[in-house]
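> You'll find model_36.cif just under this line, and it carries mmCIF, C-alpha atoms.
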data_upload
loop_
_atom_site.group_PDB
_atom_site.id
_atom_site.type_symbol
_atom_site.label_atom_id
_atom_site.label_comp_id
_atom_site.auth_asym_id
_atom_site.auth_seq_id
_atom_site.Cartn_x
_atom_site.Cartn_y
_atom_site.Cartn_z
ATOM 1 C CA MET A 1 29.021 -21.297 41.557
ATOM 2 C CA THR A 2 25.770 -23.216 41.866
ATOM 3 C CA ARG A 3 23.713 -22.987 38.699
ATOM 4 C CA PHE A 4 20.250 -21.544 39.290
ATOM 5 C CA ALA A 5 17.891 -23.998 37.596
ATOM 6 C CA PRO A 6 15.851 -22.497 34.755
ATOM 7 C CA CYS A 7 12.069 -22.741 35.012
ATOM 8 C CA ASN A 8 9.952 -24.454 32.372
ATOM 9 C CA GLY A 9 13.013 -25.512 30.393
ATOM 10 C CA ILE A 10 14.265 -21.987 29.619
ATOM 11 C CA ASP A 11 17.332 -20.081 30.759
ATOM 12 C CA ILE A 12 15.948 -16.535 30.624
ATOM 13 C CA ILE A 13 12.979 -14.450 29.589
ATOM 14 C CA LEU A 14 13.681 -11.636 27.127
ATOM 15 C CA ALA A 15 11.645 -8.566 28.089
ATOM 16 C CA SER A 16 11.718 -7.218 24.535
ATOM 17 C CA ALA A 17 9.845 -7.680 21.275
ATOM 18 C CA SER A 18 12.949 -6.758 19.241
ATOM 19 C CA PRO A 19 13.591 -9.345 16.505
ATOM 20 C CA ARG A 20 17.246 -8.254 16.478
ATOM 21 C CA ARG A 21 17.696 -9.218 20.136
ATOM 22 C CA ARG A 22 15.916 -12.509 19.525
ATOM 23 C CA ASP A 23 18.302 -13.291 16.671
ATOM 24 C CA LEU A 24 21.358 -12.406 18.778
ATOM 25 C CA LEU A 25 20.324 -14.630 21.693
ATOM 26 C CA THR A 26 19.536 -17.454 19.293
ATOM 27 C CA GLU A 27 23.041 -17.177 17.834
ATOM 28 C CA LEU A 28 24.424 -17.445 21.358
ATOM 29 C CA GLY A 29 22.581 -20.733 21.808
ATOM 30 C CA ILE A 30 20.551 -19.682 24.821
ATOM 31 C CA CYS A 31 17.040 -21.017 25.444
ATOM 32 C CA PHE A 32 14.685 -18.112 26.051
ATOM 33 C CA LYS A 33 11.088 -16.978 26.022
ATOM 34 C CA VAL A 34 9.925 -13.580 24.759
ATOM 35 C CA VAL A 35 7.661 -11.539 27.041
ATOM 36 C CA PRO A 36 7.702 -7.847 26.011
ATOM 37 C CA SER A 37 7.432 -5.317 28.820
ATOM 38 C CA SER A 38 4.785 -2.599 28.917
ATOM 39 C CA VAL A 39 7.245 0.112 29.986
ATOM 40 C CA GLU A 40 6.956 3.349 28.005
ATOM 41 C CA GLU A 41 10.279 4.610 26.611
ATOM 42 C CA VAL A 42 10.216 8.179 27.896
ATOM 43 C CA HIS A 43 13.270 10.415 28.297
ATOM 44 C CA ILE A 44 13.651 12.436 31.491
ATOM 45 C CA ASP A 45 14.978 15.978 31.112
ATOM 46 C CA GLY A 46 18.602 16.229 32.162
ATOM 47 C CA GLU A 47 19.100 12.467 32.067
ATOM 48 C CA SER A 48 22.349 11.310 30.471
ATOM 49 C CA PRO A 49 22.231 8.722 27.658
ATOM 50 C CA GLU A 50 23.838 6.131 29.961
ATOM 51 C CA ASP A 51 21.370 6.765 32.769
ATOM 52 C CA HIS A 52 18.516 6.690 30.249
ATOM 53 C CA VAL A 53 19.267 3.230 28.856
ATOM 54 C CA ARG A 54 20.163 1.780 32.258
ATOM 55 C CA ARG A 55 16.906 3.029 33.776
ATOM 56 C CA LEU A 56 14.746 1.709 30.957
ATOM 57 C CA ALA A 57 16.504 -1.656 30.768
ATOM 58 C CA LEU A 58 15.999 -2.185 34.495
ATOM 59 C CA ALA A 59 12.397 -0.974 34.373
ATOM 60 C CA LYS A 60 11.604 -3.395 31.535
ATOM 61 C CA ALA A 61 13.201 -6.333 33.327
ATOM 62 C CA ARG A 62 11.463 -5.551 36.614
ATOM 63 C CA ASP A 63 8.145 -5.101 34.830
ATOM 64 C CA VAL A 64 8.235 -8.615 33.397
ATOM 65 C CA SER A 65 9.605 -10.080 36.640
ATOM 66 C CA LYS A 66 6.274 -9.193 38.266
ATOM 67 C CA GLN A 67 4.723 -11.928 36.131
ATOM 68 C CA TYR A 68 7.626 -14.401 36.367
ATOM 69 C CA SER A 69 9.076 -14.032 39.842
ATOM 70 C CA GLN A 70 11.104 -17.264 39.719
ATOM 71 C CA GLU A 71 12.868 -16.722 36.400
ATOM 72 C CA TRP A 72 15.775 -14.653 35.130
ATOM 73 C CA ILE A 73 14.654 -11.666 33.090
ATOM 74 C CA LEU A 74 16.782 -9.771 30.548
ATOM 75 C CA GLY A 75 15.734 -6.220 29.722
ATOM 76 C CA ALA A 76 17.474 -3.912 27.256
ATOM 77 C CA ASP A 77 17.245 -0.502 25.640
ATOM 78 C CA THR A 78 19.291 0.916 22.746
ATOM 79 C CA ILE A 79 19.618 4.527 21.616
ATOM 80 C CA VAL A 80 21.565 6.470 18.991
ATOM 81 C CA VAL A 81 23.206 9.694 20.191
ATOM 82 C CA ILE A 82 24.784 12.530 18.244
ATOM 83 C CA ASP A 83 25.628 16.026 19.515
ATOM 84 C CA ASP A 84 24.351 14.877 22.919
ATOM 85 C CA GLU A 85 20.883 14.348 21.419
ATOM 86 C CA ILE A 86 19.035 11.035 21.395
ATOM 87 C CA LEU A 87 17.706 9.996 17.990
ATOM 88 C CA GLY A 88 14.730 7.700 18.357
ATOM 89 C CA LYS A 89 12.729 5.936 15.671
ATOM 90 C CA PRO A 90 11.662 8.299 12.873
ATOM 91 C CA GLN A 91 7.992 9.268 12.844
ATOM 92 C CA ASP A 92 7.868 9.497 9.055
ATOM 93 C CA GLU A 93 10.047 9.358 5.936
ATOM 94 C CA ALA A 94 10.946 13.059 6.153
ATOM 95 C CA GLU A 95 12.323 12.586 9.666
ATOM 96 C CA ALA A 96 14.202 9.451 8.596
ATOM 97 C CA HIS A 97 15.807 11.434 5.760
ATOM 98 C CA SER A 98 16.729 14.233 8.191
ATOM 99 C CA MET A 99 18.303 11.815 10.666
ATOM 100 C CA LEU A 100 20.392 10.083 8.018
ATOM 101 C CA ALA A 101 21.562 13.408 6.593
ATOM 102 C CA ARG A 102 22.657 14.397 10.073
ATOM 103 C CA LEU A 103 24.562 11.139 10.646
ATOM 104 C CA ALA A 104 26.258 11.094 7.225
ATOM 105 C CA SER A 105 30.038 11.657 7.204
ATOM 106 C CA ARG A 106 30.071 11.705 11.000
ATOM 107 C CA THR A 107 30.665 9.478 13.993
ATOM 108 C CA HIS A 108 27.900 8.929 16.516
ATOM 109 C CA GLN A 109 27.475 6.755 19.602
ATOM 110 C CA VAL A 110 25.155 3.840 20.267
ATOM 111 C CA PHE A 111 24.264 3.162 23.900
ATOM 112 C CA THR A 112 22.710 -0.101 25.010
ATOM 113 C CA GLY A 113 21.675 -0.652 28.574
ATOM 114 C CA TYR A 114 20.826 -4.143 29.753
ATOM 115 C CA ALA A 115 19.606 -5.551 33.033
ATOM 116 C CA VAL A 116 19.377 -9.078 34.399
ATOM 117 C CA VAL A 117 17.037 -9.586 37.344
ATOM 118 C CA ASN A 118 15.288 -12.343 39.232
ATOM 119 C CA ALA A 119 12.763 -11.448 41.932
ATOM 120 C CA SER A 120 13.863 -14.557 43.834
ATOM 121 C CA HIS A 121 17.517 -13.400 43.837
ATOM 122 C CA PRO A 122 17.365 -9.586 44.285
ATOM 123 C CA GLU A 123 20.897 -9.550 45.684
ATOM 124 C CA VAL A 124 22.412 -10.296 42.259
ATOM 125 C CA GLU A 125 20.611 -7.728 40.109
ATOM 126 C CA ILE A 126 22.838 -6.549 37.227
ATOM 127 C CA VAL A 127 22.508 -3.279 35.272
ATOM 128 C CA ARG A 128 25.107 -2.194 32.715
ATOM 129 C CA CYS A 129 25.639 0.138 29.772
ATOM 130 C CA VAL A 130 27.860 -0.492 26.752
ATOM 131 C CA VAL A 131 28.806 2.231 24.253
ATOM 132 C CA SER A 132 29.980 1.812 20.653
ATOM 133 C CA SER A 133 30.990 4.431 18.092
ATOM 134 C CA VAL A 134 29.699 4.205 14.528
ATOM 135 C CA HIS A 135 30.893 6.195 11.522
ATOM 136 C CA ILE A 136 28.469 6.602 8.630
ATOM 137 C CA ARG A 137 30.014 7.252 5.222
ATOM 138 C CA GLU A 138 29.229 10.251 3.065
ATOM 139 C CA LEU A 139 25.738 9.979 1.582
ATOM 140 C CA SER A 140 24.122 11.875 -1.242
ATOM 141 C CA SER A 141 20.519 12.993 -0.933
ATOM 142 C CA GLU A 142 19.620 10.401 -3.573
ATOM 143 C CA GLU A 143 21.283 7.616 -1.591
ATOM 144 C CA ILE A 144 19.483 8.646 1.567
ATOM 145 C CA GLU A 145 16.159 8.743 -0.259
ATOM 146 C CA GLY A 146 16.831 5.344 -1.782
ATOM 147 C CA TYR A 147 17.552 3.841 1.623
ATOM 148 C CA VAL A 148 14.475 5.433 3.178
ATOM 149 C CA GLN A 149 12.345 3.985 0.393
ATOM 150 C CA THR A 150 13.425 0.465 1.359
ATOM 151 C CA GLY A 151 11.397 0.936 4.533
ATOM 152 C CA GLU A 152 14.182 -0.365 6.744
ATOM 153 C CA PRO A 153 14.872 2.914 8.594
ATOM 154 C CA MET A 154 11.303 3.395 9.774
ATOM 155 C CA ASP A 155 11.386 1.266 12.936
ATOM 156 C CA LYS A 156 15.061 1.734 13.818
ATOM 157 C CA ALA A 157 16.633 4.153 16.275
ATOM 158 C CA GLY A 158 18.688 6.624 14.257
ATOM 159 C CA ALA A 159 16.919 5.473 11.058
ATOM 160 C CA TYR A 160 19.359 2.704 10.096
ATOM 161 C CA ALA A 161 20.020 -0.979 10.722
ATOM 162 C CA ILE A 162 23.657 -2.036 10.827
ATOM 163 C CA GLN A 163 22.740 -5.692 10.303
ATOM 164 C CA GLY A 164 20.549 -5.025 7.269
ATOM 165 C CA ILE A 165 20.719 -2.891 4.145
ATOM 166 C CA GLY A 166 22.197 -0.203 6.359
ATOM 167 C CA SER A 167 25.415 -2.193 6.607
ATOM 168 C CA GLY A 168 26.269 -0.620 3.260
ATOM 169 C CA ILE A 169 26.446 2.865 4.780
ATOM 170 C CA VAL A 170 28.406 2.022 7.944
ATOM 171 C CA GLU A 171 32.084 2.713 7.331
ATOM 172 C CA ARG A 172 33.416 1.539 10.689
ATOM 173 C CA VAL A 173 32.465 0.531 14.209
ATOM 174 C CA THR A 174 34.593 1.064 17.295
ATOM 175 C CA GLY A 175 33.555 -1.222 20.119
ATOM 176 C CA SER A 176 30.926 -3.947 20.206
ATOM 177 C CA TYR A 177 29.164 -4.626 16.900
ATOM 178 C CA THR A 178 26.333 -6.569 18.550
ATOM 179 C CA ASN A 179 25.804 -3.612 20.859
ATOM 180 C CA VAL A 180 24.866 -1.572 17.793
ATOM 181 C CA VAL A 181 22.471 -4.308 16.685
ATOM 182 C CA GLY A 182 20.732 -4.156 20.062
ATOM 183 C CA LEU A 183 22.516 -6.252 22.689
ATOM 184 C CA PRO A 184 26.237 -6.516 23.581
ATOM 185 C CA LEU A 185 26.564 -10.301 23.504
ATOM 186 C CA CYS A 186 30.057 -10.585 24.969
ATOM 187 C CA GLU A 187 29.168 -8.628 28.085
ATOM 188 C CA THR A 188 25.732 -10.221 28.433
ATOM 189 C CA ALA A 189 27.132 -13.735 28.063
ATOM 190 C CA ARG A 190 29.822 -12.991 30.646
ATOM 191 C CA ASP A 191 27.244 -11.813 33.172
ATOM 192 C CA LEU A 192 24.928 -14.767 32.578
ATOM 193 C CA LYS A 193 27.864 -17.128 33.095
ATOM 194 C CA ALA A 194 28.917 -15.336 36.294
ATOM 195 C CA LEU A 195 25.374 -15.716 37.626
ATOM 196 C CA GLY A 196 25.421 -19.415 36.816
ATOM 197 C CA VAL A 197 22.443 -18.960 34.522
ATOM 198 C CA PHE A 198 23.975 -19.903 31.162
ATOM 199 C CA ASP A 199 27.417 -20.702 29.772
ATOM 200 C CA PHE A 200 27.567 -20.704 25.972
ATOM 201 C CA LEU A 201 30.909 -22.541 26.110
ATOM 202 C CA LYS A 202 29.353 -25.451 28.000
ATOM 203 C CA PRO A 203 26.057 -26.248 26.299
ATOM 204 C CA ASP A 204 23.646 -28.636 27.948
ATOM 205 C CA LYS A 205 24.390 -32.135 26.611
ATOM 206 C CA SER A 206 21.320 -33.805 28.145
#
Have the structure of the file written as structure tokens, please.


Amino acid sequence: MTRFAPCNGIDIILASASPRRRDLLTELGICFKVVPSSVEEVHIDGESPEDHVRRLALAKARDVSKQYSQEWILGADTIVVIDDEILGKPQDEAEAHSMLARLASRTHQVFTGYAVVNASHPEVEIVRCVVSSVHIRELSSEEIEGYVQTGEPMDKAGAYAIQGIGSGIVERVTGSYTNVVGLPLCETARDLKALGVFDFLKPDKS
């Protein structure tokens, strides 16, 4: 497949301000620029978790593509789901404590939707959803409070970060680990290679 030439020396634009997604793409070796979208993350009544993350990922990518019509845009959205309910970022410490108590000793799902678009190549728009299962170990109220006091849960969906201090409460993951962090790298890399945008196994030697 012919490789679509990146603009301004970059392979893609990441339509997200998430530092976790930036770290993941950096580990992959891809050259990217960060341009956060202005899309509001609102849930629609009756919308399934998969439809929710797919819709938002695509909306974020399309939003940024309005500014960069010649470049490949990657949008993503990650949610934590338990008992068919989406757990967003806690509004305060009390809600963070409540979320963690609910997740403790149980398995929940993490859904990440991602979309790759280019306004100049609308025929190859990609939108996918990847699901992982995460089991949180038993936690005492004191352990939950201690974790909340670290501050880490406050800007994380589900009130924990698997790649941070929260790794100490995650007993097991079934499926993609990077999906839980915020972006399923294996699937994303495969799609970028199929599009001819970036191949992490054949880095640019120039």

> To verify the selection step, state as a VMD selection string which residues the PyMOL selection byres ((chain A and resi 71) around 12) yields on this input.

chain A and resid 4 to 15 32 to 33 35 61 to 62 64 to 70 72 to 74 116 to 122 197

> With the file shown as input, list the residues that the PyMOL selection byres ((chain A and resi 139) around 9) selects, as a PDB file with C-alpha atoms, in the coordinates of the input.


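The new file expr15.pdb reads:
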ATOM      1  CA  LEU A 100      20.392  10.083   8.018  1.00  0.00           C
ATOM      2  CA  ALA A 101      21.562  13.408   6.593  1.00  0.00           C
ATOM      3  CA  ALA A 104      26.258  11.094   7.225  1.00  0.00           C
ATOM      4  CA  SER A 105      30.038  11.657   7.204  1.00  0.00           C
ATOM      5  CA  ILE A 136      28.469   6.602   8.630  1.00  0.00           C
ATOM      6  CA  ARG A 137      30.014   7.252   5.222  1.00  0.00           C
ATOM      7  CA  GLU A 138      29.229  10.251   3.065  1.00  0.00           C
ATOM      8  CA  SER A 140      24.122  11.875  -1.242  1.00  0.00           C
ATOM      9  CA  SER A 141      20.519  12.993  -0.933  1.00  0.00           C
ATOM     10  CA  GLU A 142      19.620  10.401  -3.573  1.00  0.00           C
ATOM     11  CA  GLU A 143      21.283   7.616  -1.591  1.00  0.00           C
ATOM     12  CA  ILE A 144      19.483   8.646   1.567  1.00  0.00           C
ATOM     13  CA  ILE A 169      26.446   2.865   4.780  1.00  0.00           C
TER      14      ILE A 169
END

> Please identify all polymer residues within 12 Å of stretch 128-133 of chain A, counting all atoms listed in the file, omitting same-chain residues fewer than 2 positions from it, and present them as a ChimeraX atom specification.

/A:48-58,74-82,103,106-117,125-126,135-136,170-188,190-191

> How big is the axis-aligned box around all listed atoms of stretch 51-67 of chain A once 3 Å goes on each side, and where's its centre, in Å to one decimal, as lines of an AutoDock Vina configuration file?


center_x = 13.0
center_y = -2.6
center_z = 33.6
size_x = 22.6
size_y = 24.7
size_z = 15.4

> Work out how far apart atom CA of A:Phe198 and atom CA of A:Arg20 are and give it in Å to one decimal.

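These two atoms are separated by 19.9 Å.
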
> Could you check how far atom CA of A:Gly158 sits from atom CA of A:Val127, in Å to one decimal?

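Atom CA of A:Val127 lies 23.5 Å from atom CA of A:Gly158.
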
> What is the distance between atom CA of A:Glu40 and atom CA of A:Leu87, in Å to one decimal?

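Atom CA of A:Glu40 sits 16.1 Å away from atom CA of A:Leu87.
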